[in-house]
Structure formats: C-alpha cells, structure tokens
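Trainee: Here you go, one structure.
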Amino acid sequence: MRYFIEFAYNGKNYHGWQYQPHSISVQEVLNKALSTLLKQPIDVTGAGRTDTGVHAKQMYAHFDFDKELDSSFWTKKLNAFLPKDIVVYRIIPLHDDAHARFDATSRTYEYHIHTFKDAFDNEASWYYFHKLDINKMNEAAKILFEYKDFKCFSKTHTDVKTFNCVMMEANWQQNGNKLVFTVAADRFLRNMVRAIVGTLVSVGQGKLTLQEFREIIESRDRNKAGFSVPAHGLYLTKVAYPYIDQEII
C-alpha cells in the first residue's frame, strides 16, 4: 500500500530535504524514524527538495508499506519519535500509483522579511533595513506572469530538461515592519524563489527599473539577475494535489 505523509519542518538544523551522504537531511531523519517504528526499511519520496536552511510549513512525501496503518495512531507515534523541529500532521492511504513529486499540481512559497531589528525573528525572517518600494516590487512581480522561461533565476549547472514554469501567484504584502512575498507555480527551479526575491529587492531599492527586470528574464542569464536572499526567510507553505484535501489537521 502507498501512504502519503503530510508534515512540516524547521530547516535550520538540516542540509535541505534531500538525502546527503555526509550531512543530516530531513529525508534521512524521516527514513530512519519510519524504518525503526515499522521495523523494515522505508524510503520516502518527497514532493520536491528544499535547500539547506529552508523551512516547510506543508510538505508531502510518500512511502510503501505492506500493511494497513492506523493514521491517528502512527501520526502520534511518529511525532513522539521525531525531533522537535519536524512534525507530522497526518498519514494518508492512497492508490499505488500516487506520487508525491509528479502528481503535485502546484507549490506555494513565502519569503519573509522584517525591516526593523527583531530579537525573535532573526532565524525565521531576513532582516533587511534599507527602504523598499513595495508598490514597485509588486509591479515587477506582475511581469513574471508574462513569461514561462525562468532560466535567469535558476541555479547554474542543473540537470533539468526545461526551465519553463507556469506562474500562478506572485505578490508582496506588508504589515508594519513585516514583508511577505508569496509565489506559486506548477514547479520551481533550484534557487528560483530566492533569486526572484533578491532581484525584486533590487527593484525596490531603485537599482533596477521595471524594463530592466523584464530584460533580465529575457536574457536567460543568471549572472544578470539579483543576489540570492538568505535561506532562513524561505518557507514552502503549500503543495496541492487533485486527490488530497488541503486542510491541515
């Protein structure tokens, strides 16, 4: 039987989602927990991969197990066994062809910035004290919808076959000293969100015009785009599937 796990994690102590031979990852911790509790080797497949230090408020992974599992019981069991920075919301039995990565129809990220020094947000949000023009940044974000090829925002030397992504949402919201950029698409390239945010920040500072932002996308050149903002402000917040209720328990 195939099971999906819905879970979240604080990425501070992990070298990303994907297994690393010499560094601790979220995938490795989940594999070990499930293998220990279910008393057989379990290898989970995630909905995608997050980089070192990036967080997930909602993430999915699937694994196969030959017996029926009581979701409530094993969710509590896993949470008691896992470290405090990983939480499982539910275990969902699904059809054998369900796939956490390939069946996802969209992914949503948030990037968090605080513009005034905050003693409690340093590890959960990026402190950026320079003045930003949020209206201009939102105008630039709308330009993203005009394009599908986002090679300029992709990490170089990746093995992807296409740099095309369908943008579904991209906007900034401000609440006092807090800024949040929300972006959704059918897929994302490696480092894409952090590079988009860094380039939009350059627009907000007045270092780039809207036309220059457009020209960067058309150039398909990562060297022309902005810097990558720090990982600790980035959150994967939603992964959507056609057959899973999105309400978190």
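Letters A, B, ... go to the chains of the structure tokens in the order shown; residues in each chain start at 1; ligands are counted from 1 in the same order.
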Find the residues around Arg214 (chain A) up to 9 Å (only C-alpha atoms counted), leave out those fewer than 6 positions away in its own chain, and share them as JSON, numbers by chain.

Mentor: {"A": [140, 143, 144]}

Trainee: Identify, on the basis of only C-alpha atoms, every residue whose closest approach to region 43-47 of chain A does not exceed 6 Å; exclude the query and any residue fewer than 3 positions from it along the same chain; express the result as a short mmCIF file (atom, residue, chain, number, x, y, z; two decimals) with N, CA and C atoms, in the first residue's frame.

Mentor:
data_model
loop_
_atom_site.label_atom_id
_atom_site.label_comp_id
_atom_site.auth_asym_id
_atom_site.auth_seq_id
_atom_site.Cartn_x
_atom_site.Cartn_y
_atom_site.Cartn_z
N ASN A 31 13.25 8.81 7.10
CA ASN A 31 13.53 7.42 6.74
C ASN A 31 13.87 6.58 7.97
N TYR A 60 4.84 17.13 1.59
CA TYR A 60 4.33 15.77 1.45
C TYR A 60 5.45 14.84 1.01
N ALA A 61 5.34 13.59 1.41
CA ALA A 61 6.21 12.54 0.92
C ALA A 61 5.40 11.25 0.88
N HIS A 62 5.82 10.30 0.05
CA HIS A 62 5.12 9.02 0.04
C HIS A 62 6.09 7.87 0.34
N PHE A 63 5.52 6.78 0.83
CA PHE A 63 6.29 5.56 1.07
C PHE A 63 5.36 4.36 0.92
N ALA A 100 4.20 11.60 -4.78
CA ALA A 100 4.29 12.89 -4.08
C ALA A 100 4.91 13.98 -4.94
N ARG A 101 5.84 13.62 -5.78
CA ARG A 101 6.51 14.63 -6.61
C ARG A 101 5.76 14.89 -7.91
#

Trainee: Tell me which protein, DNA and RNA residues are within 12 Å of Asn164 (chain A), counting only C-alpha atoms, leaving out same-chain ones fewer than 2 positions away, and put them as a list in words.

Mentor: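 Near neighbours after the sequence-gap exclusion: Leu144, Phe145, Tyr147, Lys148, Asp149, Phe150, Lys151, Cys152, Phe153, Ser154, Val160, Lys161, Thr162, Val166, Met167, Ala185, Asp186, Arg187, Phe188, Leu189, Met192, Ile217 and Arg220 of chain A.
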
Trainee: Export C-alpha atoms of the chosen residues as a JSON list (two decimals), in the first residue's frame?

Mentor:
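part02.json, freshly written:
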[["chain", "number", "residue", "atom", "x", "y", "z"],
["A", 144, "LEU", "CA", 6.58, 37.31, -14.03],
["A", 145, "PHE", "CA", 3.18, 36.28, -15.41],
["A", 147, "TYR", "CA", 6.92, 34.63, -19.08],
["A", 148, "LYS", "CA", 7.40, 30.89, -18.70],
["A", 149, "ASP", "CA", 11.16, 30.51, -19.13],
["A", 150, "PHE", "CA", 12.91, 31.43, -15.86],
["A", 151, "LYS", "CA", 16.43, 30.23, -16.55],
["A", 152, "CYS", "CA", 17.80, 33.58, -15.29],
["A", 153, "PHE", "CA", 16.60, 32.68, -11.78],
["A", 154, "SER", "CA", 17.85, 29.08, -11.81],
["A", 160, "VAL", "CA", 16.71, 19.95, -15.60],
["A", 161, "LYS", "CA", 15.32, 19.39, -19.11],
["A", 162, "THR", "CA", 13.29, 22.60, -19.15],
["A", 166, "VAL", "CA", 3.72, 28.35, -15.06],
["A", 167, "MET", "CA", 3.35, 31.22, -12.59],
["A", 185, "ALA", "CA", 3.72, 27.89, -9.70],
["A", 186, "ASP", "CA", 3.35, 24.42, -11.12],
["A", 187, "ARG", "CA", 7.06, 23.86, -10.46],
["A", 188, "PHE", "CA", 10.14, 25.75, -9.33],
["A", 189, "LEU", "CA", 13.77, 25.62, -10.39],
["A", 192, "MET", "CA", 14.49, 30.20, -8.13],
["A", 217, "ILE", "CA", 14.13, 37.44, -17.61],
["A", 220, "ARG", "CA", 18.07, 33.80, -19.53]]

Trainee: Can you tell me how far CA of Arg90 (chain A) sits from CA of Glu28 (chain A), in Å to one decimal?

Mentor: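 CA of Arg90 (chain A) sits 18.9 Å away from CA of Glu28 (chain A).
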
Trainee: Region 10-50 of chain A near region 102-126 of chain A within 12 Å: what's each residue's closest atom pair and its distance in Å to one decimal, counting only C-alpha atoms, ordered by chain then ascending residue number, as JSON lines?

Mentor:
{"residue": "A:Asn10", "atom": "CA", "partner": "A:Ala124", "partner_atom": "CA", "distance": 9.0}
{"residue": "A:Gly11", "atom": "CA", "partner": "A:Ala124", "partner_atom": "CA", "distance": 9.8}
{"residue": "A:Lys12", "atom": "CA", "partner": "A:Glu123", "partner_atom": "CA", "distance": 7.8}
{"residue": "A:Asn13", "atom": "CA", "partner": "A:Glu123", "partner_atom": "CA", "distance": 11.1}
{"residue": "A:Thr45", "atom": "CA", "partner": "A:Phe102", "partner_atom": "CA", "distance": 10.4}
{"residue": "A:Gly46", "atom": "CA", "partner": "A:Phe102", "partner_atom": "CA", "distance": 9.8}
{"residue": "A:Ala47", "atom": "CA", "partner": "A:Ala104", "partner_atom": "CA", "distance": 7.0}
{"residue": "A:Gly48", "atom": "CA", "partner": "A:Phe102", "partner_atom": "CA", "distance": 9.1}
{"residue": "A:Arg49", "atom": "CA", "partner": "A:Arg107", "partner_atom": "CA", "distance": 11.5}
{"residue": "A:Thr50", "atom": "CA", "partner": "A:Tyr109", "partner_atom": "CA", "distance": 10.8}

Trainee: Create the file for the chosen residues now, containing all heavy atoms and written as a CSV table (one decimal), in the first residue's frame.

Mentor:
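Once written, out-v5.csv looks like this:
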chain,number,residue,atom,x,y,z
A,10,ASN,N,11.2,22.8,10.5
A,10,ASN,CA,12.1,24.0,10.6
A,10,ASN,C,13.5,23.5,10.0
A,10,ASN,O,14.1,22.6,10.5
A,10,ASN,CB,12.3,24.4,12.1
A,10,ASN,CG,13.1,25.6,12.3
A,10,ASN,OD1,14.1,25.8,11.6
A,10,ASN,ND2,12.7,26.5,13.2
A,11,GLY,N,13.9,24.2,9.0
A,11,GLY,CA,15.1,23.8,8.2
A,11,GLY,C,16.4,24.2,8.8
A,11,GLY,O,17.4,23.8,8.2
A,12,LYS,N,16.4,24.9,9.9
A,12,LYS,CA,17.6,25.5,10.5
A,12,LYS,C,18.7,24.4,10.7
A,12,LYS,O,19.9,24.7,10.3
A,12,LYS,CB,17.3,26.1,11.8
A,12,LYS,CG,18.6,26.7,12.5
A,12,LYS,CD,18.3,27.2,13.9
A,12,LYS,CE,19.6,27.6,14.6
A,12,LYS,NZ,19.3,28.0,16.0
A,13,ASN,N,18.4,23.3,11.2
A,13,ASN,CA,19.4,22.3,11.5
A,13,ASN,C,19.7,21.2,10.4
A,13,ASN,O,20.4,20.2,10.7
A,13,ASN,CB,19.0,21.5,12.8
A,13,ASN,CG,19.0,22.5,14.0
A,13,ASN,OD1,19.8,23.3,14.1
A,13,ASN,ND2,17.9,22.3,14.8
A,45,THR,N,9.7,9.4,-0.6
A,45,THR,CA,9.9,10.2,-1.8
A,45,THR,C,9.2,11.5,-1.5
A,45,THR,O,8.0,11.5,-1.3
A,45,THR,CB,9.4,9.5,-3.0
A,45,THR,OG1,10.1,8.3,-3.3
A,45,THR,CG2,9.6,10.5,-4.2
A,46,GLY,N,9.9,12.6,-1.6
A,46,GLY,CA,9.3,13.9,-1.3
A,46,GLY,C,8.7,14.6,-2.4
A,46,GLY,O,8.9,14.3,-3.6
A,47,ALA,N,7.9,15.6,-2.2
A,47,ALA,CA,7.2,16.4,-3.2
A,47,ALA,C,8.2,17.3,-4.0
A,47,ALA,O,7.9,17.8,-5.1
A,47,ALA,CB,6.1,17.3,-2.6
A,48,GLY,N,9.3,17.5,-3.4
A,48,GLY,CA,10.4,18.3,-4.0
A,48,GLY,C,11.5,18.4,-3.0
A,48,GLY,O,11.5,17.7,-2.0
A,49,ARG,N,12.5,19.2,-3.4
A,49,ARG,CA,13.6,19.4,-2.4
A,49,ARG,C,13.7,20.8,-2.0
A,49,ARG,O,13.6,21.8,-2.9
A,49,ARG,CB,14.9,18.9,-3.0
A,49,ARG,CG,15.3,19.4,-4.4
A,49,ARG,CD,16.5,18.7,-4.9
A,49,ARG,NE,16.9,19.2,-6.2
A,49,ARG,CZ,17.8,18.6,-7.0
A,49,ARG,NH1,18.4,17.5,-6.6
A,49,ARG,NH2,18.1,19.1,-8.2
A,50,THR,N,14.1,21.0,-0.8
A,50,THR,CA,14.3,22.4,-0.3
A,50,THR,C,15.8,22.5,0.1
A,50,THR,O,16.4,21.5,0.4
A,50,THR,CB,13.5,22.7,1.0
A,50,THR,OG1,13.7,21.7,2.0
A,50,THR,CG2,12.0,22.8,0.6

Trainee: Set the distance at 8 Å and use only C-alpha atoms: which residues neighbour Tyr3 (chain A) once local chain neighbours fewer than 2 positions away are removed? I'd like the list as a list in words.

Mentor: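 Skipping anything fewer than 2 positions along the chain leaves Met1, Ile5, His62, Phe63, Asp64, Phe65, Ile91, Ile92, Pro93 and Leu94 of chain A.
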
Trainee: For the structure I just gave you, how does DSSP split region 78-109 of chain A - specifically, which residues are strand (DSSP E or B)? Reply as a list in words.

Mentor: Ile86, Val87, Val88, Tyr89, Arg90, Ile91, Ile92, Pro93, Leu94, Ser106, Arg107, Thr108 and Tyr109 of chain A

Trainee: Would you work out the distance separating CA of Glu6 (chain A) from CA of Ala170 (chain A), expressed in Å to one decimal?

Mentor: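 Interatomic distance, CA of Glu6 (chain A) to CA of Ala170 (chain A): 24.5 Å.
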
Trainee: Would you compute the distance between CA of Leu38 (chain A) and CA of Tyr89 (chain A)? Give it in Å to one decimal.

Mentor: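 Going from CA of Leu38 (chain A) over to CA of Tyr89 (chain A), I get 17.9 Å.
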
Trainee: Between A:Gln173, A:Tyr127, A:Leu78, A:Val229, which one has atoms that come closest to Thr36 (chain A), using only C-alpha atoms?

Mentor: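 Closest to Thr36 (chain A) of all the choices is A:Leu78.
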
Trainee: Which residue out of A:Thr199, A:Thr52, A:Gln40, A:Thr158 has the minimum interatomic distance to Ile216 (chain A) when only C-alpha atoms are used?

Mentor: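 Residue with the minimum atom-to-atom distance to Ile216 (chain A): A:Thr199.
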
Trainee: Check the DSSP output for the backbone and give back, as a PyMOL selection string, the residues of region 43-141 of chain A in alpha helix (DSSP H).

Mentor: chain A and resi 71-81+134-141

Trainee: Those selected residues, please, written with all heavy atoms and delivered as a compact mmCIF listing (two decimals), in the first residue's frame.

Mentor:
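In the end it all went to selection-v4.txt:
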# COMPACT_ATOMS: atom_id res chain seq x y z
N SER A 71 -3.92 5.81 10.81
CA SER A 71 -3.31 7.12 10.62
C SER A 71 -3.13 7.87 11.94
O SER A 71 -2.06 8.42 12.22
CB SER A 71 -4.17 7.97 9.67
OG SER A 71 -3.62 9.26 9.52
N SER A 72 -4.16 7.91 12.76
CA SER A 72 -4.09 8.66 14.01
C SER A 72 -3.02 8.09 14.94
O SER A 72 -2.21 8.83 15.51
CB SER A 72 -5.46 8.64 14.70
OG SER A 72 -5.41 9.33 15.92
N PHE A 73 -3.00 6.78 15.08
CA PHE A 73 -2.05 6.13 15.97
C PHE A 73 -0.61 6.36 15.53
O PHE A 73 0.25 6.76 16.33
CB PHE A 73 -2.33 4.62 16.03
CG PHE A 73 -1.30 3.84 16.82
CD1 PHE A 73 -1.37 3.77 18.20
CD2 PHE A 73 -0.26 3.20 16.16
CE1 PHE A 73 -0.42 3.06 18.92
CE2 PHE A 73 0.70 2.48 16.88
CZ PHE A 73 0.62 2.42 18.27
N TRP A 74 -0.34 6.16 14.24
CA TRP A 74 1.03 6.26 13.76
C TRP A 74 1.49 7.71 13.62
O TRP A 74 2.69 8.00 13.71
CB TRP A 74 1.19 5.50 12.44
CG TRP A 74 1.22 4.02 12.68
CD1 TRP A 74 0.21 3.12 12.46
CD2 TRP A 74 2.30 3.28 13.25
NE1 TRP A 74 0.59 1.86 12.84
CE2 TRP A 74 1.87 1.93 13.33
CE3 TRP A 74 3.57 3.61 13.70
CZ2 TRP A 74 2.69 0.92 13.84
CZ3 TRP A 74 4.39 2.60 14.20
CH2 TRP A 74 3.95 1.28 14.26
N THR A 75 0.56 8.63 13.44
CA THR A 75 0.93 10.05 13.45
C THR A 75 1.44 10.44 14.84
O THR A 75 2.49 11.10 14.96
CB THR A 75 -0.28 10.93 13.07
OG1 THR A 75 -0.67 10.64 11.72
CG2 THR A 75 0.06 12.41 13.18
N LYS A 76 0.73 10.02 15.87
CA LYS A 76 1.17 10.31 17.24
C LYS A 76 2.49 9.60 17.55
O LYS A 76 3.37 10.17 18.20
CB LYS A 76 0.09 9.88 18.23
CG LYS A 76 -1.19 10.71 18.17
CD LYS A 76 -2.25 10.18 19.12
CE LYS A 76 -3.54 10.98 18.99
NZ LYS A 76 -4.62 10.44 19.85
N LYS A 77 2.62 8.38 17.08
CA LYS A 77 3.83 7.59 17.32
C LYS A 77 5.03 8.27 16.67
O LYS A 77 6.10 8.39 17.27
CB LYS A 77 3.63 6.20 16.75
CG LYS A 77 4.63 5.17 17.21
CD LYS A 77 4.19 4.50 18.50
CE LYS A 77 5.05 3.30 18.79
NZ LYS A 77 4.74 2.72 20.13
N LEU A 78 4.86 8.70 15.43
CA LEU A 78 5.95 9.37 14.73
C LEU A 78 6.35 10.68 15.41
O LEU A 78 7.54 10.98 15.57
CB LEU A 78 5.54 9.65 13.27
CG LEU A 78 5.92 8.63 12.21
CD1 LEU A 78 5.31 9.02 10.87
CD2 LEU A 78 7.44 8.51 12.07
N ASN A 79 5.36 11.46 15.80
CA ASN A 79 5.65 12.74 16.43
C ASN A 79 6.37 12.58 17.77
O ASN A 79 7.19 13.41 18.15
CB ASN A 79 4.37 13.56 16.61
CG ASN A 79 3.94 14.23 15.33
OD1 ASN A 79 4.77 14.65 14.53
ND2 ASN A 79 2.64 14.34 15.11
N ALA A 80 6.08 11.50 18.47
CA ALA A 80 6.77 11.22 19.72
C ALA A 80 8.23 10.82 19.47
O ALA A 80 9.10 11.04 20.31
CB ALA A 80 6.04 10.13 20.49
N PHE A 81 8.48 10.24 18.31
CA PHE A 81 9.81 9.72 17.99
C PHE A 81 10.69 10.75 17.30
O PHE A 81 11.90 10.79 17.52
CB PHE A 81 9.65 8.49 17.08
CG PHE A 81 10.92 7.71 16.87
CD1 PHE A 81 11.29 6.72 17.75
CD2 PHE A 81 11.74 7.98 15.79
CE1 PHE A 81 12.46 6.00 17.57
CE2 PHE A 81 12.92 7.28 15.59
CZ PHE A 81 13.28 6.27 16.49
N ILE A 134 7.49 48.95 -2.07
CA ILE A 134 6.69 47.73 -2.22
C ILE A 134 5.81 47.81 -3.47
O ILE A 134 5.59 46.79 -4.15
CB ILE A 134 5.82 47.49 -0.97
CG1 ILE A 134 6.71 47.40 0.27
CG2 ILE A 134 5.00 46.21 -1.12
CD1 ILE A 134 7.77 46.34 0.20
N ASN A 135 5.29 48.97 -3.80
CA ASN A 135 4.47 49.13 -4.99
C ASN A 135 5.24 48.76 -6.25
O ASN A 135 4.74 48.06 -7.13
CB ASN A 135 3.92 50.55 -5.10
CG ASN A 135 2.90 50.85 -4.02
OD1 ASN A 135 2.19 49.97 -3.55
ND2 ASN A 135 2.82 52.12 -3.60
N LYS A 136 6.49 49.24 -6.34
CA LYS A 136 7.33 48.91 -7.50
C LYS A 136 7.64 47.41 -7.54
O LYS A 136 7.66 46.79 -8.60
CB LYS A 136 8.64 49.71 -7.43
CG LYS A 136 8.56 51.07 -8.10
CD LYS A 136 8.64 50.92 -9.63
CE LYS A 136 8.72 52.27 -10.33
NZ LYS A 136 7.47 53.00 -10.33
N MET A 137 7.87 46.84 -6.38
CA MET A 137 8.16 45.40 -6.31
C MET A 137 6.95 44.58 -6.76
O MET A 137 7.10 43.54 -7.41
CB MET A 137 8.58 45.03 -4.89
CG MET A 137 9.95 45.61 -4.52
SD MET A 137 10.26 45.64 -2.74
CE MET A 137 10.47 43.90 -2.39
N ASN A 138 5.76 45.04 -6.43
CA ASN A 138 4.56 44.34 -6.88
C ASN A 138 4.34 44.52 -8.38
O ASN A 138 3.86 43.60 -9.07
CB ASN A 138 3.33 44.83 -6.10
CG ASN A 138 3.05 43.96 -4.88
OD1 ASN A 138 3.26 42.75 -4.92
ND2 ASN A 138 2.60 44.57 -3.80
N GLU A 139 4.68 45.70 -8.90
CA GLU A 139 4.60 45.90 -10.35
C GLU A 139 5.55 44.95 -11.07
O GLU A 139 5.21 44.37 -12.11
CB GLU A 139 4.94 47.35 -10.71
CG GLU A 139 3.86 48.36 -10.33
CD GLU A 139 4.25 49.77 -10.76
OE1 GLU A 139 4.56 49.96 -11.95
OE2 GLU A 139 4.26 50.66 -9.90
N ALA A 140 6.75 44.80 -10.54
CA ALA A 140 7.72 43.89 -11.15
C ALA A 140 7.25 42.44 -11.03
O ALA A 140 7.43 41.65 -11.97
CB ALA A 140 9.08 44.06 -10.47
N ALA A 141 6.64 42.09 -9.90
CA ALA A 141 6.15 40.72 -9.71
C ALA A 141 5.11 40.36 -10.76
O ALA A 141 5.04 39.21 -11.22
CB ALA A 141 5.58 40.56 -8.30
